[in-house]
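Coordinates as given in entry_28.pdb (PDB, C-alpha atoms):
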ATOM      1  CA  MET A  22     -36.254 -53.778  62.778
ATOM      2  CA  THR A  23     -36.084 -56.908  60.627
ATOM      3  CA  GLY A  24     -38.466 -59.661  59.636
ATOM      4  CA  GLU A  25     -42.190 -59.536  59.022
ATOM      5  CA  ARG A  26     -44.017 -56.574  60.525
ATOM      6  CA  LEU A  27     -47.635 -55.498  60.856
ATOM      7  CA  LEU A  28     -48.994 -51.991  60.313
ATOM      8  CA  VAL A  29     -52.468 -51.531  61.795
ATOM      9  CA  SER A  30     -54.405 -48.326  61.211
ATOM     10  CA  ASP A  31     -57.775 -46.898  62.036
ATOM     11  CA  ILE A  32     -59.534 -45.428  58.996
ATOM     12  CA  ASP A  33     -61.751 -42.428  59.793
ATOM     13  CA  GLY A  34     -59.808 -39.566  61.323
ATOM     14  CA  THR A  35     -56.534 -41.374  60.664
ATOM     15  CA  LEU A  36     -56.307 -42.288  56.980
ATOM     16  CA  LEU A  37     -59.449 -40.496  55.803
ATOM     17  CA  CYS A  38     -61.262 -37.339  56.832
ATOM     18  CA  GLY A  39     -64.922 -37.115  55.909
ATOM     19  CA  GLY A  40     -64.395 -40.072  53.579
ATOM     20  CA  GLU A  41     -61.673 -38.216  51.651
ATOM     21  CA  PRO A  42     -57.944 -39.009  51.478
ATOM     22  CA  THR A  43     -55.686 -37.115  53.864
ATOM     23  CA  PRO A  44     -52.219 -35.584  53.352
ATOM     24  CA  GLY A  45     -49.615 -38.329  53.328
ATOM     25  CA  LEU A  46     -51.952 -41.128  52.274
ATOM     26  CA  ASP A  47     -50.525 -41.437  48.758
ATOM     27  CA  LEU A  48     -46.974 -41.596  50.104
ATOM     28  CA  LEU A  49     -48.009 -44.158  52.706
ATOM     29  CA  LYS A  50     -49.584 -46.316  49.990
ATOM     30  CA  LYS A  51     -46.436 -46.089  47.855
ATOM     31  CA  THR A  52     -44.194 -46.953  50.795
ATOM     32  CA  LEU A  53     -46.373 -49.938  51.710
ATOM     33  CA  SER A  54     -46.138 -51.186  48.105
ATOM     34  CA  ILE A  55     -42.336 -51.088  48.306
ATOM     35  CA  TYR A  56     -42.276 -53.126  51.518
ATOM     36  CA  ARG A  57     -45.257 -55.352  50.677
ATOM     37  CA  ASN A  58     -43.279 -58.584  51.043
ATOM     38  CA  GLU A  59     -42.130 -57.603  54.536
ATOM     39  CA  VAL A  60     -45.037 -55.646  56.004
ATOM     40  CA  ARG A  61     -48.568 -56.873  56.482
ATOM     41  CA  LEU A  62     -51.383 -54.306  56.568
ATOM     42  CA  ALA A  63     -54.597 -54.381  58.588
ATOM     43  CA  PHE A  64     -57.323 -51.804  59.117
ATOM     44  CA  ALA A  65     -58.987 -51.500  62.525
ATOM     45  CA  THR A  66     -62.213 -49.551  62.235
ATOM     46  CA  GLY A  67     -65.578 -48.916  63.792
ATOM     47  CA  ARG A  68     -67.085 -49.354  60.327
ATOM     48  CA  SER A  69     -68.837 -52.512  59.191
ATOM     49  CA  PHE A  70     -67.223 -54.627  56.496
ATOM     50  CA  THR A  71     -69.847 -53.521  53.950
ATOM     51  CA  SER A  72     -68.954 -49.902  54.694
ATOM     52  CA  THR A  73     -65.210 -50.563  54.573
ATOM     53  CA  TRP A  74     -64.836 -52.685  51.449
ATOM     54  CA  PRO A  75     -65.961 -50.014  48.918
ATOM     55  CA  LEU A  76     -63.083 -47.812  50.111
ATOM     56  CA  ILE A  77     -60.706 -50.627  49.138
ATOM     57  CA  ALA A  78     -62.466 -51.672  45.934
ATOM     58  CA  SER A  79     -62.359 -48.076  44.691
ATOM     59  CA  GLY A  80     -58.612 -47.867  45.275
ATOM     60  CA  LEU A  81     -58.956 -45.146  47.903
ATOM     61  CA  LEU A  82     -57.325 -47.500  50.420
ATOM     62  CA  PRO A  83     -54.871 -50.304  49.585
ATOM     63  CA  GLU A  84     -56.054 -53.889  49.922
ATOM     64  CA  PRO A  85     -55.000 -55.131  53.364
ATOM     65  CA  ASP A  86     -54.203 -58.586  54.700
ATOM     66  CA  GLY A  87     -56.956 -58.278  57.295
ATOM     67  CA  ILE A  88     -59.753 -55.984  58.414
ATOM     68  CA  ILE A  89     -60.846 -55.522  62.019
ATOM     69  CA  CYS A  90     -64.419 -54.211  61.896
ATOM     70  CA  LEU A  91     -67.086 -52.924  64.262
ATOM     71  CA  VAL A  92     -64.650 -51.802  66.985
ATOM     72  CA  GLY A  93     -62.883 -55.141  67.157
ATOM     73  CA  THR A  94     -65.893 -57.443  67.198
ATOM     74  CA  GLU A  95     -65.229 -58.898  63.730
ATOM     75  CA  VAL A  96     -62.075 -59.970  61.908
ATOM     76  CA  TRP A  97     -62.188 -60.397  58.130
ATOM     77  CA  LEU A  98     -59.573 -62.218  56.067
ATOM     78  CA  PRO A  99     -59.249 -63.105  52.355
ATOM     79  CA  PRO A 100     -61.257 -64.191  50.413
ATOM     80  CA  TRP A 101     -63.495 -61.751  52.326
ATOM     81  CA  THR A 102     -66.604 -63.940  52.296
ATOM     82  CA  GLU A 103     -67.483 -63.930  56.017
ATOM     83  CA  PRO A 104     -66.146 -62.860  59.408
ATOM     84  CA  ASP A 105     -63.458 -65.164  60.727
ATOM     85  CA  PRO A 106     -65.311 -67.849  62.744
ATOM     86  CA  GLY A 107     -62.329 -68.576  64.999
ATOM     87  CA  TYR A 108     -62.267 -65.012  66.263
ATOM     88  CA  ARG A 109     -66.019 -65.004  66.779
ATOM     89  CA  ARG A 110     -65.782 -68.134  68.945
ATOM     90  CA  LEU A 111     -63.071 -66.509  71.057
ATOM     91  CA  ILE A 112     -65.038 -63.377  71.920
ATOM     92  CA  ASP A 113     -68.504 -64.927  72.144
ATOM     93  CA  SER A 114     -67.864 -66.730  75.426
ATOM     94  CA  ASN A 115     -70.018 -65.377  78.309
ATOM     95  CA  TRP A 116     -71.469 -62.608  76.122
ATOM     96  CA  ASP A 117     -75.180 -61.963  76.667
ATOM     97  CA  ARG A 118     -76.124 -59.040  74.444
ATOM     98  CA  ALA A 119     -79.802 -58.955  75.455
ATOM     99  CA  ALA A 120     -78.903 -58.815  79.147
ATOM    100  CA  VAL A 121     -76.343 -56.063  78.520
ATOM    101  CA  ILE A 122     -78.943 -53.954  76.699
ATOM    102  CA  ASP A 123     -81.424 -54.532  79.515
ATOM    103  CA  ALA A 124     -78.844 -53.214  81.997
ATOM    104  CA  THR A 125     -78.708 -49.907  80.099
ATOM    105  CA  ARG A 126     -82.452 -49.180  80.112
ATOM    106  CA  ARG A 127     -82.541 -46.986  83.221
ATOM    107  CA  PHE A 128     -79.844 -44.662  81.877
ATOM    108  CA  SER A 129     -81.738 -41.849  80.177
ATOM    109  CA  SER A 130     -78.541 -40.307  78.780
ATOM    110  CA  LEU A 131     -78.029 -43.314  76.496
ATOM    111  CA  GLU A 132     -79.625 -43.280  73.054
ATOM    112  CA  TYR A 133     -79.644 -46.518  71.069
ATOM    113  CA  GLN A 134     -77.831 -46.113  67.757
ATOM    114  CA  PRO A 135     -79.575 -47.107  64.476
ATOM    115  CA  ALA A 136     -79.667 -50.781  63.505
ATOM    116  CA  GLU A 137     -76.875 -50.426  60.937
ATOM    117  CA  PHE A 138     -74.416 -49.775  63.792
ATOM    118  CA  GLN A 139     -75.493 -52.792  65.860
ATOM    119  CA  SER A 140     -74.209 -56.342  65.585
ATOM    120  CA  PRO A 141     -74.511 -59.628  67.495
ATOM    121  CA  CYS A 142     -71.338 -58.814  69.436
ATOM    122  CA  LYS A 143     -71.830 -55.070  69.867
ATOM    123  CA  ALA A 144     -74.438 -52.818  71.434
ATOM    124  CA  SER A 145     -73.920 -49.181  70.472
ATOM    125  CA  PHE A 146     -75.308 -45.954  71.913
ATOM    126  CA  PHE A 147     -74.983 -42.207  71.646
ATOM    127  CA  SER A 148     -74.063 -40.576  74.941
ATOM    128  CA  ASP A 149     -72.994 -36.992  75.582
ATOM    129  CA  ASP A 150     -72.759 -37.606  79.328
ATOM    130  CA  SER A 151     -69.631 -39.534  80.284
ATOM    131  CA  SER A 152     -70.384 -39.042  83.990
ATOM    132  CA  ALA A 153     -72.932 -41.876  83.801
ATOM    133  CA  LEU A 154     -70.389 -44.420  82.601
ATOM    134  CA  PRO A 155     -68.972 -45.417  86.025
ATOM    135  CA  GLU A 156     -72.506 -46.069  87.234
ATOM    136  CA  LEU A 157     -73.213 -48.143  84.140
ATOM    137  CA  THR A 158     -70.067 -50.158  84.843
ATOM    138  CA  GLY A 159     -71.379 -50.787  88.352
ATOM    139  CA  GLU A 160     -74.748 -51.881  86.982
ATOM    140  CA  LEU A 161     -73.115 -54.383  84.629
ATOM    141  CA  ASP A 162     -70.922 -55.696  87.433
ATOM    142  CA  SER A 163     -73.875 -56.065  89.795
ATOM    143  CA  ARG A 164     -75.565 -58.260  87.205
ATOM    144  CA  GLU A 165     -72.339 -60.235  86.674
ATOM    145  CA  LEU A 166     -72.291 -59.249  83.006
ATOM    146  CA  ARG A 167     -68.887 -59.353  81.370
ATOM    147  CA  ALA A 168     -68.634 -56.509  78.896
ATOM    148  CA  ALA A 169     -65.981 -54.103  77.666
ATOM    149  CA  MET A 170     -66.950 -50.441  77.472
ATOM    150  CA  VAL A 171     -65.504 -48.257  74.694
ATOM    151  CA  TYR A 172     -66.224 -44.520  74.699
ATOM    152  CA  SER A 173     -64.932 -42.277  71.931
ATOM    153  CA  CYS A 174     -65.228 -38.735  70.589
ATOM    154  CA  SER A 175     -67.303 -37.747  73.676
ATOM    155  CA  ARG A 176     -70.268 -39.190  71.810
ATOM    156  CA  TYR A 177     -70.085 -42.880  70.949
ATOM    157  CA  LEU A 178     -70.459 -45.706  73.470
ATOM    158  CA  ASP A 179     -69.920 -49.324  72.453
ATOM    159  CA  LEU A 180     -70.504 -52.289  74.749
ATOM    160  CA  LEU A 181     -68.607 -55.355  73.593
ATOM    161  CA  PRO A 182     -67.749 -58.838  74.822
ATOM    162  CA  ALA A 183     -65.112 -58.623  77.540
ATOM    163  CA  LYS A 184     -62.414 -60.076  75.298
ATOM    164  CA  ALA A 185     -63.277 -58.009  72.230
ATOM    165  CA  GLY A 186     -61.834 -54.731  70.994
ATOM    166  CA  LYS A 187     -59.268 -53.562  68.485
ATOM    167  CA  GLY A 188     -56.344 -54.528  70.700
ATOM    168  CA  PHE A 189     -57.609 -58.069  71.222
ATOM    169  CA  ALA A 190     -58.215 -58.415  67.457
ATOM    170  CA  VAL A 191     -54.675 -57.227  66.680
ATOM    171  CA  GLU A 192     -53.343 -59.803  69.127
ATOM    172  CA  TYR A 193     -55.401 -62.450  67.305
ATOM    173  CA  LEU A 194     -53.850 -61.490  63.954
ATOM    174  CA  CYS A 195     -50.376 -61.576  65.494
ATOM    175  CA  ARG A 196     -50.920 -65.139  66.674
ATOM    176  CA  LEU A 197     -52.411 -66.102  63.312
ATOM    177  CA  TRP A 198     -49.493 -64.683  61.341
ATOM    178  CA  GLY A 199     -46.693 -65.362  63.814
ATOM    179  CA  ILE A 200     -45.756 -61.711  64.290
ATOM    180  CA  PRO A 201     -44.428 -60.615  67.697
ATOM    181  CA  GLY A 202     -46.048 -57.572  69.271
ATOM    182  CA  SER A 203     -42.763 -55.664  69.128
ATOM    183  CA  ARG A 204     -43.119 -55.628  65.327
ATOM    184  CA  VAL A 205     -46.631 -54.154  65.337
ATOM    185  CA  LEU A 206     -47.235 -50.466  64.642
ATOM    186  CA  ALA A 207     -50.780 -49.480  65.694
ATOM    187  CA  CYS A 208     -52.107 -46.069  64.617
ATOM    188  CA  GLY A 209     -55.289 -44.193  65.521
ATOM    189  CA  ASP A 210     -57.006 -41.005  66.602
ATOM    190  CA  SER A 211     -59.821 -41.716  69.057
ATOM    191  CA  GLY A 212     -60.986 -43.550  72.155
ATOM    192  CA  ASN A 213     -61.903 -46.745  70.352
ATOM    193  CA  ASP A 214     -58.217 -47.070  69.370
ATOM    194  CA  LEU A 215     -56.992 -46.818  72.955
ATOM    195  CA  ASP A 216     -56.644 -50.510  73.730
ATOM    196  CA  MET A 217     -54.341 -51.136  70.769
ATOM    197  CA  LEU A 218     -52.442 -47.851  71.161
ATOM    198  CA  LEU A 219     -51.757 -48.407  74.864
ATOM    199  CA  ASP A 220     -50.885 -52.096  74.657
ATOM    200  CA  PRO A 221     -47.213 -52.112  75.755
ATOM    201  CA  ARG A 222     -46.481 -55.009  73.418
ATOM    202  CA  PHE A 223     -47.198 -52.828  70.388
ATOM    203  CA  LEU A 224     -45.693 -49.607  69.053
ATOM    204  CA  GLY A 225     -48.461 -47.011  69.239
ATOM    205  CA  VAL A 226     -48.896 -43.847  67.178
ATOM    206  CA  ALA A 227     -51.537 -41.229  67.971
ATOM    207  CA  VAL A 228     -51.841 -38.896  64.988
ATOM    208  CA  GLY A 229     -51.667 -35.159  65.608
ATOM    209  CA  ASN A 230     -55.393 -34.593  65.094
ATOM    210  CA  ALA A 231     -56.296 -37.173  67.778
ATOM    211  CA  ASP A 232     -59.149 -36.203  70.064
ATOM    212  CA  ALA A 233     -58.637 -34.959  73.615
ATOM    213  CA  GLN A 234     -59.123 -38.447  75.057
ATOM    214  CA  LEU A 235     -55.765 -39.440  73.526
ATOM    215  CA  GLY A 236     -54.139 -36.038  73.789
ATOM    216  CA  GLY A 237     -54.299 -36.098  77.570
ATOM    217  CA  ILE A 238     -52.364 -39.355  77.899
ATOM    218  CA  THR A 239     -48.815 -38.942  79.157
ATOM    219  CA  GLY A 240     -45.991 -41.150  80.356
ATOM    220  CA  VAL A 241     -46.676 -44.137  78.093
ATOM    221  CA  LYS A 242     -43.336 -45.180  76.620
ATOM    222  CA  SER A 243     -44.883 -47.290  73.866
ATOM    223  CA  LEU A 244     -47.103 -44.437  72.588
ATOM    224  CA  TYR A 245     -45.744 -41.781  70.251
ATOM    225  CA  LYS A 246     -47.934 -38.706  69.829
ATOM    226  CA  SER A 247     -47.139 -37.155  66.478
ATOM    227  CA  ASP A 248     -47.483 -33.446  65.770
ATOM    228  CA  LEU A 249     -48.437 -34.315  62.192
ATOM    229  CA  HIS A 250     -52.034 -35.023  61.280
ATOM    230  CA  PHE A 251     -53.708 -38.020  59.642
ATOM    231  CA  ALA A 252     -51.565 -40.222  57.352
ATOM    232  CA  GLU A 253     -48.605 -37.866  57.733
ATOM    233  CA  GLY A 254     -48.681 -38.676  61.446
ATOM    234  CA  ILE A 255     -48.453 -42.384  60.630
ATOM    235  CA  LEU A 256     -45.454 -41.788  58.374
ATOM    236  CA  ASP A 257     -43.873 -39.727  61.128
ATOM    237  CA  GLY A 258     -44.377 -42.617  63.535
ATOM    238  CA  THR A 259     -42.805 -45.127  61.154
ATOM    239  CA  GLU A 260     -39.680 -42.952  61.012
ATOM    240  CA  VAL A 261     -39.490 -42.443  64.777
ATOM    241  CA  TYR A 262     -39.720 -46.196  65.399
ATOM    242  CA  GLY A 263     -37.559 -47.199  62.418
ATOM    243  CA  PHE A 264     -40.458 -49.354  61.303
ATOM    244  CA  TRP A 265     -39.556 -49.737  57.643
TER     245      TRP A 265
END

Go ahead and render the structure in this file as structure tokens.
Amino acid sequence: MTGERLLVSDIDGTLLCGGEPTPGLDLLKKTLSIYRNEVRLAFATGRSFTSTWPLIASGLLPEPDGIICLVGTEVWLPPWTEPDPGYRRLIDSNWDRAAVIDATRRFSSLEYQPAEFQSPCKASFFSDDSSALPELTGELDSRELRAAMVYSCSRYLDLLPAKAGKGFAVEYLCRLWGIPGSRVLACGDSGNDLDMLLDPRFLGVAVGNADAQLGGITGVKSLYKSDLHFAEGILDGTEVYGFW
């Protein structure tokens, strides 16, 4: 593999565990520093920017070229002053957050998450009952509401604009930086990483500690499921794909 590449990684459960560094993270940081002129780095996280940046400022995580926040509903770029307005315009079309929330009200299994986890382009809930999700999809469709549904860790439900998500945000960065999808390595551990891990244009790596939602996926040629956990799983994936 030659030319400019892009490494995209989730943070929690992939690079960090409980906010602490995971085995392999130091080696990954050193390897990235060696290839810094050839490899761009982006984080794709469910965290907000204000929750993500202290991890970078403290040196726990290396400074990236871009940050995809709030499950792919915000893209941040240097000088890190505000979410990228071009991306916001792309995903905002036909998104009616108030109407989407109204469509969820009759579902007693959904619990609205605290305000810190909400944003103009995301409505987030706790839900331990995945059996209600097909019915919720039908309710949204019956109201002609265009929304993407992201369910992860058998607990977290995010409703997003139809064009939003980590995969769509990675595609946006590829267009911005002129990087073909075949030179993207996307790494993650949970359901909110699925759209970027399963995009056939990208090289996907599910780390060994990935939850059952990823573990049950088979037959996807562009997805490598590592036996190694956390950052060591990412390094394993880079070797398998010859990424460096």

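Using all atoms listed in the file, every residue with an atom at most 12 Å from the point (-79.8, -57.1, 85.5) is listed here: Asp117, Arg118, Ala119, Ala120, Val121, Ile122, Asp123, Ala124, Thr125, Arg126, Arg127, Leu157, Thr158, Gly159, Glu160, Leu161, Asp162, Ser163, Arg164, Glu165, Leu166 and Arg167 of chain A.
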
Written selection (C-alpha atoms) as a compact mmCIF listing (two decimals), in the frame of the given file:
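Final output, saved to result.txt:
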# COMPACT_ATOMS: atom_id res chain seq x y z
CA ASP A 117 -75.18 -61.96 76.67
CA ARG A 118 -76.12 -59.04 74.44
CA ALA A 119 -79.80 -58.96 75.46
CA ALA A 120 -78.90 -58.82 79.15
CA VAL A 121 -76.34 -56.06 78.52
CA ILE A 122 -78.94 -53.95 76.70
CA ASP A 123 -81.42 -54.53 79.52
CA ALA A 124 -78.84 -53.21 82.00
CA THR A 125 -78.71 -49.91 80.10
CA ARG A 126 -82.45 -49.18 80.11
CA ARG A 127 -82.54 -46.99 83.22
CA LEU A 157 -73.21 -48.14 84.14
CA THR A 158 -70.07 -50.16 84.84
CA GLY A 159 -71.38 -50.79 88.35
CA GLU A 160 -74.75 -51.88 86.98
CA LEU A 161 -73.11 -54.38 84.63
CA ASP A 162 -70.92 -55.70 87.43
CA SER A 163 -73.88 -56.06 89.80
CA ARG A 164 -75.56 -58.26 87.20
CA GLU A 165 -72.34 -60.24 86.67
CA LEU A 166 -72.29 -59.25 83.01
CA ARG A 167 -68.89 -59.35 81.37

Which residues come within 7 Å of A:Ala252, counting only C-alpha atoms, excluding same-chain residues fewer than 3 positions away, as a list in words?
->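 Close residues of A:Ala252: Thr35, Leu36, Thr43, Pro44, Gly45, Leu46, Ile255 and Leu256 of chain A.
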
Name the residues in contact with A:Lys246 at a cut-off of 8 Å, using all atoms listed in the file, excluding same-chain residues fewer than 4 positions from it; report them as a PyMOL selection string.
-> chain A and resi 226-229+236

Given the choices A:Asn230, A:Asn213, A:Gln139, A:Asn115, which gets closest to A:Lys184 if the distance is worked out from all atoms listed in the file?
->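 Selected residue with least distance to A:Lys184: A:Asn115.
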
Go through A:Pro155, A:Gly186, A:Gly34, A:Gly107 and flag the residue nearest A:Cys142, using all atoms listed in the file for the distances.
->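 Answer, going by the shortest atom-to-atom distance: A:Gly186.
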
Counting all atoms listed in the file, which of A:Ile77, A:Leu244, A:Leu154, A:Val261 gets nearest to A:Tyr177?
-> A:Leu154

What gap, in Å, lies between atom CA of A:Leu181 and atom CA of A:Ala168?
-> 5.4 Å

Residues selected by the PyMOL selection byres ((chain A and resi 201) around 10), written as a PDB file with C-alpha atoms, in the coordinates of the input:
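Produced file part_9.pdb, reproduced below:
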ATOM      1  CA  GLU A  25     -42.190 -59.536  59.022  1.00  0.00           C
ATOM      2  CA  ARG A  26     -44.017 -56.574  60.525  1.00  0.00           C
ATOM      3  CA  LEU A  27     -47.635 -55.498  60.856  1.00  0.00           C
ATOM      4  CA  GLU A 192     -53.343 -59.803  69.127  1.00  0.00           C
ATOM      5  CA  CYS A 195     -50.376 -61.576  65.494  1.00  0.00           C
ATOM      6  CA  ARG A 196     -50.920 -65.139  66.674  1.00  0.00           C
ATOM      7  CA  TRP A 198     -49.493 -64.683  61.341  1.00  0.00           C
ATOM      8  CA  GLY A 199     -46.693 -65.362  63.814  1.00  0.00           C
ATOM      9  CA  ILE A 200     -45.756 -61.711  64.290  1.00  0.00           C
ATOM     10  CA  GLY A 202     -46.048 -57.572  69.271  1.00  0.00           C
ATOM     11  CA  SER A 203     -42.763 -55.664  69.128  1.00  0.00           C
ATOM     12  CA  ARG A 204     -43.119 -55.628  65.327  1.00  0.00           C
ATOM     13  CA  VAL A 205     -46.631 -54.154  65.337  1.00  0.00           C
ATOM     14  CA  ARG A 222     -46.481 -55.009  73.418  1.00  0.00           C
ATOM     15  CA  PHE A 223     -47.198 -52.828  70.388  1.00  0.00           C
TER      16      PHE A 223
END

Between atom CA of A:Arg109 and atom CA of A:Phe146, what is the spacing in Å?
->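 Straight-line distance from atom CA of A:Phe146 to atom CA of A:Arg109 works out to 21.8 Å.
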
Counting all atoms listed in the file, find the residues whose atoms lie at most 8 Å from (-44.2, -35.8, 63.8) (file coordinates) and write them out as a JSON list (two decimals) with C-alpha atoms, keeping the file's coordinate frame.
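result_23.json, written as the output of this step:
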[["chain", "number", "residue", "atom", "x", "y", "z"],
["A", 229, "GLY", "CA", -51.67, -35.16, 65.61],
["A", 246, "LYS", "CA", -47.93, -38.71, 69.83],
["A", 247, "SER", "CA", -47.14, -37.16, 66.48],
["A", 248, "ASP", "CA", -47.48, -33.45, 65.77],
["A", 249, "LEU", "CA", -48.44, -34.32, 62.19],
["A", 253, "GLU", "CA", -48.60, -37.87, 57.73],
["A", 254, "GLY", "CA", -48.68, -38.68, 61.45],
["A", 257, "ASP", "CA", -43.87, -39.73, 61.13],
["A", 258, "GLY", "CA", -44.38, -42.62, 63.54]]

Let me know the residues the PyMOL selection byres ((chain A and resi 137) around 12) catches in the file above, as an MDAnalysis selection string.
-> chainID A and resid 67:72 91 133:136 138:141 143:146

Mind checking which residues fall within 12 Å of A:Trp74, counting only C-alpha atoms, ignoring those fewer than 5 positions away in the same chain, and posting them as an MDAnalysis selection string?
-> chainID A and resid 32 64 66 68:69 79:85 87:90 97:99 101:102

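When the distance limit is 9 Å and only C-alpha atoms are what count, the residues near A:Asp150, minus those fewer than 2 positions from it on the same chain, are A:Ser130, A:Leu131, A:Ser148, A:Ser152, A:Ala153, A:Leu154, A:Ser175, A:Arg176.
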
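When atom CA of A:Phe264 is paired with atom CA of A:Val60, their separation reads 9.4 Å.
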
Exactly which residues make up the result of the PyMOL selection byres ((chain A and resi 241) around 10) on this file, given as a PyMOL selection string?
-> chain A and resi 218-221+225+238-240+242-246

Step by step, gather every atom of stretch 245-255 of chain A that the file lists, find the box along x, y and z that holds them, add 6 Å on each side, and finally give centre and edge lengths in Å to one decimal, as JSON.
{"center_x": -49.7, "center_y": -37.9, "center_z": 63.8, "size_x": 20.0, "size_y": 20.9, "size_z": 24.9}

Minimum-distance residue to A:Leu37, chosen among A:Glu260, A:Asp210, A:Asp105, A:Glu132 (using all atoms listed in the file) | A:Asp210

Which of these residues is nearest to A:Ala207, using all atoms listed in the file: A:Trp116, A:Tyr262, A:Tyr108, A:Tyr56?
->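 Result for the nearest residue to A:Ala207: A:Tyr262.
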
Tell me which of A:Tyr172, A:Tyr193, A:Phe147, A:Trp265 sits closest to A:Val92, counting all atoms listed in the file.
->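 Using all atoms listed in the file, the shortest distance to A:Val92 belongs to A:Tyr172.
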